[in-house]
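Data block below; observations after.
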Number of protein chains: 2
Amino acid sequence: MGRTSDARERIVRTAARLFLTRSYQAVGIDELCGAADVHKGSFYYYFPSKAHLARVVVDHHAAALWARLDSAGTETPLQQLRAVTDAVGAMHTDFESRFGRVVGCAFGNLAAEVATTDDSLREHVAAVLAEWERRIAIVCHRVAEEGLFRPGVDPERFAHTLMAQFQGLILLAKVSRSPAADISLALHEVIAANLREGVLARGGAARSR
Amino acid sequence: MGRTSDARERIVRTAARLFLTRSYQAVGIDELCGAADVHKGSFYYYFPSKAHLARVVVDHHAAALWARLDSAGTETPLQQLRAVTDAVGAMHTDFESRFGRVVGCAFGNLAAEVATTDDSLREHVAAVLAEWERRIAIVCHRVAEEGLFRPGVDPERFAHTLMAQFQGLILLAKVSRSPAADISLALHEVIAANLREGVLARGGAARSR
DNA sequence: CGGCTCGTTGACAGATCGGTCAATTCCCCG
DNA sequence: CGGGGAATTGACCGATCTGTCAACGAGCCG
């Protein structure tokens, strides 16, 4: 009863790579099929359209992101928060070593590309980004409960600030061809700026390695 | 001796609008020419390619941005810094009222789209973004000289953080269809988080209206 | 008037786009 | 062996893409 072909999986994995290194609109079905070693007819046997494939690719990347975030289980809330930003930094460091440069956020890239041309795809990406922010907000609430934030810092809003910092740093790194390592550093600075004075001294190692 | 036709200007202005509301790749030469009321042959009389038009459009947006930043001349360095973020927020509030939604940053949109497919265009956008960051860094240095930043805040790095916050907030607002007004608010919070304690009380009104 | 340049016109080309489809092959199950 | 659904094949479609081109029009100068 199990599937006998892995063509569908090849398509998704190849699309995930090509959409990252080139872009959604720049990669045609023909090129994608060639790279995935499937024929065009097979592609449309598994996917009704290119946009539907994009949704599956987004879910593919989302699953990888949730796995990274979940596996980074540490103890204290502050360590958790740093683990989240470290996971993001590590993700793009991995991309950089795989592809030779910062390729951008899988969600942000697609969002910027299709937000104005494919509303259903836009909503799908927006939902993933919202879920991502929700997970960060949970951690931020824990940090807030311990009173580690400086006064006036709202956990929900800070989660949004962090999300924006992710997207902005990654976009700037992609367009200016700067190294992925700078991303983690900048993220730690943003966290540090929002902690109470003195927390840093107790906080311990913030370095990723 | 003066030009007798304004076709070129119509093309640039129409492209600036269409690239913002739709996207660079989604707008074809035919559609653009139709909207600008010029014929295709005339387009290629003024521009050797679509990519060359994009460069001119980027310069067009850049000139508008510099004008906004320069006209926001205020007195104290901290007011200058807030004027910069207010100018960005006002820009996107204007876009929102013109187009009915947040349409994204003209540079960020294009950067995300073509960074992987047109290297010369990518460099052109990167240069504008670098110039933008340089201007912000100048203001940040003035703020730092007055000792208004909390300890450990580096003016250059904070300018980069602000740039990332611009791009990230705008991208998230675009994809999640949230109002432009939130952008200014979030930017003021980022600034506040990086000032010395007590500066806020003296700083005066940070509200945009 | 003739000639010159700037600007315009719209048909055309070649490539590529996303998507379709009928025919065929493969492989499990009886 | 044979039947049938899952999967594959590759030619084909109409639309659209960027870019080309030769002919034409409008105004200026001598």
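Numbering starts fresh at 1 for the residues of each chain in the structure tokens, the chains themselves are lettered A, B, ... in the order given, and ligands are numbered from 1 as they appear.
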What are the closest atom pairs, with distances in Å to one decimal, for all residues of chain A lying within 8 Å of chain D? Consider only C-alpha atoms (C1' of nucleotides), order rows by chain and residue number, and present the result as CSV.
residue,atom,partner,partner_atom,distance
A:Ser5,CA,D:DA7,C1',7.9
A:His39,CA,D:DT9,C1',7.1
A:Gly41,CA,D:DT9,C1',7.2
A:Ser42,CA,D:DT8,C1',6.4
How would the residues just picked look written out with N, CA and C atoms as an mmCIF file, in the first residue's frame?
data_model
loop_
_atom_site.group_PDB
_atom_site.id
_atom_site.type_symbol
_atom_site.label_atom_id
_atom_site.label_comp_id
_atom_site.auth_asym_id
_atom_site.auth_seq_id
_atom_site.Cartn_x
_atom_site.Cartn_y
_atom_site.Cartn_z
ATOM 1 N N SER A 5 6.784 5.259 -5.521
ATOM 2 C CA SER A 5 7.596 6.261 -6.213
ATOM 3 C C SER A 5 7.952 7.398 -5.267
ATOM 4 N N HIS A 39 9.222 14.024 -15.392
ATOM 5 C CA HIS A 39 8.673 14.635 -16.592
ATOM 6 C C HIS A 39 7.504 15.534 -16.223
ATOM 7 N N GLY A 41 4.521 15.846 -17.224
ATOM 8 C CA GLY A 41 3.247 15.191 -16.945
ATOM 9 C C GLY A 41 3.173 14.662 -15.520
ATOM 10 N N SER A 42 4.295 14.122 -15.047
ATOM 11 C CA SER A 42 4.316 13.598 -13.683
ATOM 12 C C SER A 42 4.123 14.713 -12.664
#
For range 20-25 of chain B: contacts at 6 Å, only C-alpha atoms (C1' of nucleotides), fewer than 2 positions along chain excluded, given as JSON, numbers by chain: {"A": [116], "B": [17, 18, 27, 103]}
Store the residues picked out above in a file with N, CA and C atoms, as a PDB file, in the first residue's frame.
ATOM      1  N   THR A 116       1.615  40.377  -3.776  1.00  0.00           N
ATOM      2  CA  THR A 116       0.738  41.240  -4.566  1.00  0.00           C
ATOM      3  C   THR A 116       0.128  40.528  -5.771  1.00  0.00           C
TER       4      THR A 116
ATOM      5  N   ARG B  17       4.861  53.190  -9.943  1.00  0.00           N
ATOM      6  CA  ARG B  17       3.586  52.834  -9.319  1.00  0.00           C
ATOM      7  C   ARG B  17       3.267  51.355  -9.505  1.00  0.00           C
ATOM      8  N   LEU B  18       3.429  50.857 -10.709  1.00  0.00           N
ATOM      9  CA  LEU B  18       3.066  49.466 -10.985  1.00  0.00           C
ATOM     10  C   LEU B  18       4.008  48.481 -10.288  1.00  0.00           C
ATOM     11  N   VAL B  27       4.868  42.741 -13.829  1.00  0.00           N
ATOM     12  CA  VAL B  27       4.422  43.770 -14.766  1.00  0.00           C
ATOM     13  C   VAL B  27       5.205  43.637 -16.071  1.00  0.00           C
ATOM     14  N   VAL B 103       2.301  48.493   0.604  1.00  0.00           N
ATOM     15  CA  VAL B 103       2.797  47.880  -0.631  1.00  0.00           C
ATOM     16  C   VAL B 103       4.254  47.452  -0.527  1.00  0.00           C
TER      17      VAL B 103
END
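The residues of chain C lying at most 8 Å from chain A, with only C-alpha atoms (C1' of nucleotides) taken into account, are DC17, DG18 and DG19 of chain C.
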(Q) Select, as a PyMOL selection string, those residues of chain A with any atom no more than 6 Å from chain B (distances computed using only C-alpha atoms). (A) chain A and resi 22+113+115-116+126+164-165+167-169+175-176+193-194
DSSP says alpha helix (DSSP H) for which residues of range 36-173 of chain B? Put them as an mmCIF file with C-alpha atoms, in the first residue's frame?
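Output file states22.cif follows:
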data_model
loop_
_atom_site.group_PDB
_atom_site.id
_atom_site.type_symbol
_atom_site.label_atom_id
_atom_site.label_comp_id
_atom_site.auth_asym_id
_atom_site.auth_seq_id
_atom_site.Cartn_x
_atom_site.Cartn_y
_atom_site.Cartn_z
ATOM 1 C CA ALA B 36 1.715 54.857 -19.442
ATOM 2 C CA LYS B 40 6.259 49.533 -27.076
ATOM 3 C CA GLY B 41 8.638 50.898 -29.666
ATOM 4 C CA SER B 42 8.828 54.168 -27.766
ATOM 5 C CA PHE B 43 9.682 52.326 -24.583
ATOM 6 C CA TYR B 44 12.713 50.735 -26.228
ATOM 7 C CA TYR B 45 13.593 54.081 -27.721
ATOM 8 C CA TYR B 46 14.153 55.416 -24.186
ATOM 9 C CA LYS B 50 13.410 46.400 -18.645
ATOM 10 C CA ALA B 51 16.290 46.036 -16.188
ATOM 11 C CA HIS B 52 17.608 49.473 -17.167
ATOM 12 C CA LEU B 53 14.194 50.932 -16.470
ATOM 13 C CA ALA B 54 14.289 49.309 -13.048
ATOM 14 C CA ARG B 55 17.534 51.123 -12.278
ATOM 15 C CA VAL B 56 15.973 54.438 -13.197
ATOM 16 C CA VAL B 57 12.909 53.632 -11.102
ATOM 17 C CA VAL B 58 15.158 52.820 -8.147
ATOM 18 C CA ASP B 59 16.906 56.164 -8.551
ATOM 19 C CA HIS B 60 13.506 57.828 -8.765
ATOM 20 C CA HIS B 61 12.448 56.314 -5.435
ATOM 21 C CA ALA B 62 15.839 57.077 -3.923
ATOM 22 C CA ALA B 63 15.542 60.748 -4.826
ATOM 23 C CA ALA B 64 12.125 60.864 -3.167
ATOM 24 C CA LEU B 65 13.563 59.218 -0.054
ATOM 25 C CA TRP B 66 16.508 61.606 0.204
ATOM 26 C CA ALA B 67 14.091 64.517 -0.177
ATOM 27 C CA ARG B 68 11.995 63.206 2.678
ATOM 28 C CA LEU B 69 15.001 62.639 4.912
ATOM 29 C CA ASP B 70 16.526 66.036 4.142
ATOM 30 C CA SER B 71 13.324 67.986 4.632
ATOM 31 C CA PRO B 77 20.202 64.591 17.332
ATOM 32 C CA LEU B 78 17.519 62.553 19.083
ATOM 33 C CA GLN B 79 14.813 64.508 17.305
ATOM 34 C CA GLN B 80 16.685 63.940 14.074
ATOM 35 C CA LEU B 81 16.724 60.200 14.671
ATOM 36 C CA ARG B 82 13.024 60.175 15.376
ATOM 37 C CA ALA B 83 12.436 62.310 12.320
ATOM 38 C CA VAL B 84 14.122 59.626 10.227
ATOM 39 C CA THR B 85 11.871 56.859 11.484
ATOM 40 C CA ASP B 86 8.853 59.144 11.240
ATOM 41 C CA ALA B 87 9.735 59.898 7.631
ATOM 42 C CA VAL B 88 9.803 56.173 6.883
ATOM 43 C CA GLY B 89 6.526 55.634 8.655
ATOM 44 C CA ALA B 90 4.920 58.586 6.903
ATOM 45 C CA MET B 91 6.148 57.320 3.555
ATOM 46 C CA HIS B 92 4.363 54.034 3.981
ATOM 47 C CA THR B 93 1.292 55.679 5.441
ATOM 48 C CA ASP B 94 1.161 57.707 2.249
ATOM 49 C CA PHE B 95 1.550 54.595 0.135
ATOM 50 C CA GLU B 96 -1.202 52.971 2.152
ATOM 51 C CA SER B 97 -3.637 55.798 1.527
ATOM 52 C CA ARG B 98 -2.719 55.919 -2.156
ATOM 53 C CA PHE B 99 -2.939 52.194 -2.828
ATOM 54 C CA ALA B 106 10.426 49.973 -3.171
ATOM 55 C CA PHE B 107 14.016 48.855 -2.595
ATOM 56 C CA GLY B 108 13.295 45.843 -0.417
ATOM 57 C CA ASN B 109 10.671 44.518 -2.800
ATOM 58 C CA LEU B 110 12.961 44.728 -5.773
ATOM 59 C CA ALA B 111 15.924 43.425 -3.808
ATOM 60 C CA ALA B 112 14.060 40.331 -2.704
ATOM 61 C CA GLU B 113 12.822 39.711 -6.222
ATOM 62 C CA VAL B 114 15.940 40.099 -8.309
ATOM 63 C CA ASP B 119 23.302 40.741 -10.156
ATOM 64 C CA SER B 120 23.828 44.210 -11.535
ATOM 65 C CA LEU B 121 20.367 45.275 -10.430
ATOM 66 C CA ARG B 122 21.022 43.709 -7.034
ATOM 67 C CA GLU B 123 24.184 45.793 -6.653
ATOM 68 C CA HIS B 124 22.347 48.939 -7.638
ATOM 69 C CA VAL B 125 19.691 48.392 -4.974
ATOM 70 C CA ALA B 126 22.346 47.416 -2.451
ATOM 71 C CA ALA B 127 24.129 50.703 -3.091
ATOM 72 C CA VAL B 128 20.967 52.700 -2.371
ATOM 73 C CA LEU B 129 20.337 50.735 0.814
ATOM 74 C CA ALA B 130 23.946 51.299 1.879
ATOM 75 C CA GLU B 131 23.600 55.034 1.289
ATOM 76 C CA TRP B 132 20.388 55.044 3.308
ATOM 77 C CA GLU B 133 22.121 53.264 6.172
ATOM 78 C CA ARG B 134 25.044 55.678 5.964
ATOM 79 C CA ARG B 135 22.710 58.631 6.416
ATOM 80 C CA ILE B 136 21.126 56.990 9.436
ATOM 81 C CA ALA B 137 24.531 56.171 10.877
ATOM 82 C CA ILE B 138 25.478 59.852 10.731
ATOM 83 C CA VAL B 139 22.480 60.714 12.892
ATOM 84 C CA CYS B 140 23.216 57.813 15.224
ATOM 85 C CA HIS B 141 26.753 59.077 15.713
ATOM 86 C CA ARG B 142 25.385 62.454 16.788
ATOM 87 C CA VAL B 143 23.054 60.762 19.246
ATOM 88 C CA ALA B 144 26.000 58.754 20.559
ATOM 89 C CA GLU B 145 28.131 61.862 20.953
ATOM 90 C CA PRO B 155 26.080 53.802 16.355
ATOM 91 C CA GLU B 156 27.033 51.957 13.182
ATOM 92 C CA ARG B 157 25.514 48.689 14.314
ATOM 93 C CA PHE B 158 22.400 50.402 15.588
ATOM 94 C CA ALA B 159 21.937 52.070 12.221
ATOM 95 C CA HIS B 160 22.023 48.602 10.694
ATOM 96 C CA THR B 161 19.527 47.336 13.250
ATOM 97 C CA LEU B 162 17.203 50.192 12.352
ATOM 98 C CA MET B 163 17.518 49.458 8.649
ATOM 99 C CA ALA B 164 16.696 45.807 9.291
ATOM 100 C CA GLN B 165 13.746 46.874 11.400
ATOM 101 C CA PHE B 166 12.461 49.058 8.562
ATOM 102 C CA GLN B 167 12.665 46.278 6.044
ATOM 103 C CA GLY B 168 11.313 43.595 8.346
ATOM 104 C CA LEU B 169 8.383 45.598 9.660
ATOM 105 C CA ILE B 170 7.376 46.711 6.198
ATOM 106 C CA LEU B 171 7.648 43.219 4.775
ATOM 107 C CA LEU B 172 5.578 41.741 7.594
ATOM 108 C CA ALA B 173 2.976 44.486 7.280
#
As a check of understanding: the span from CA of Arg8 in chain B to CA of Glu31 in chain B is 15.6 Å
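Atom pair CA of Thr14 in chain A / CA of Arg101 in chain A: separated by 18.0 Å.
CA of Glu75 in chain B to CA of Arg196 in chain B spans 19.5 Å [interatomic distance, one decimal].
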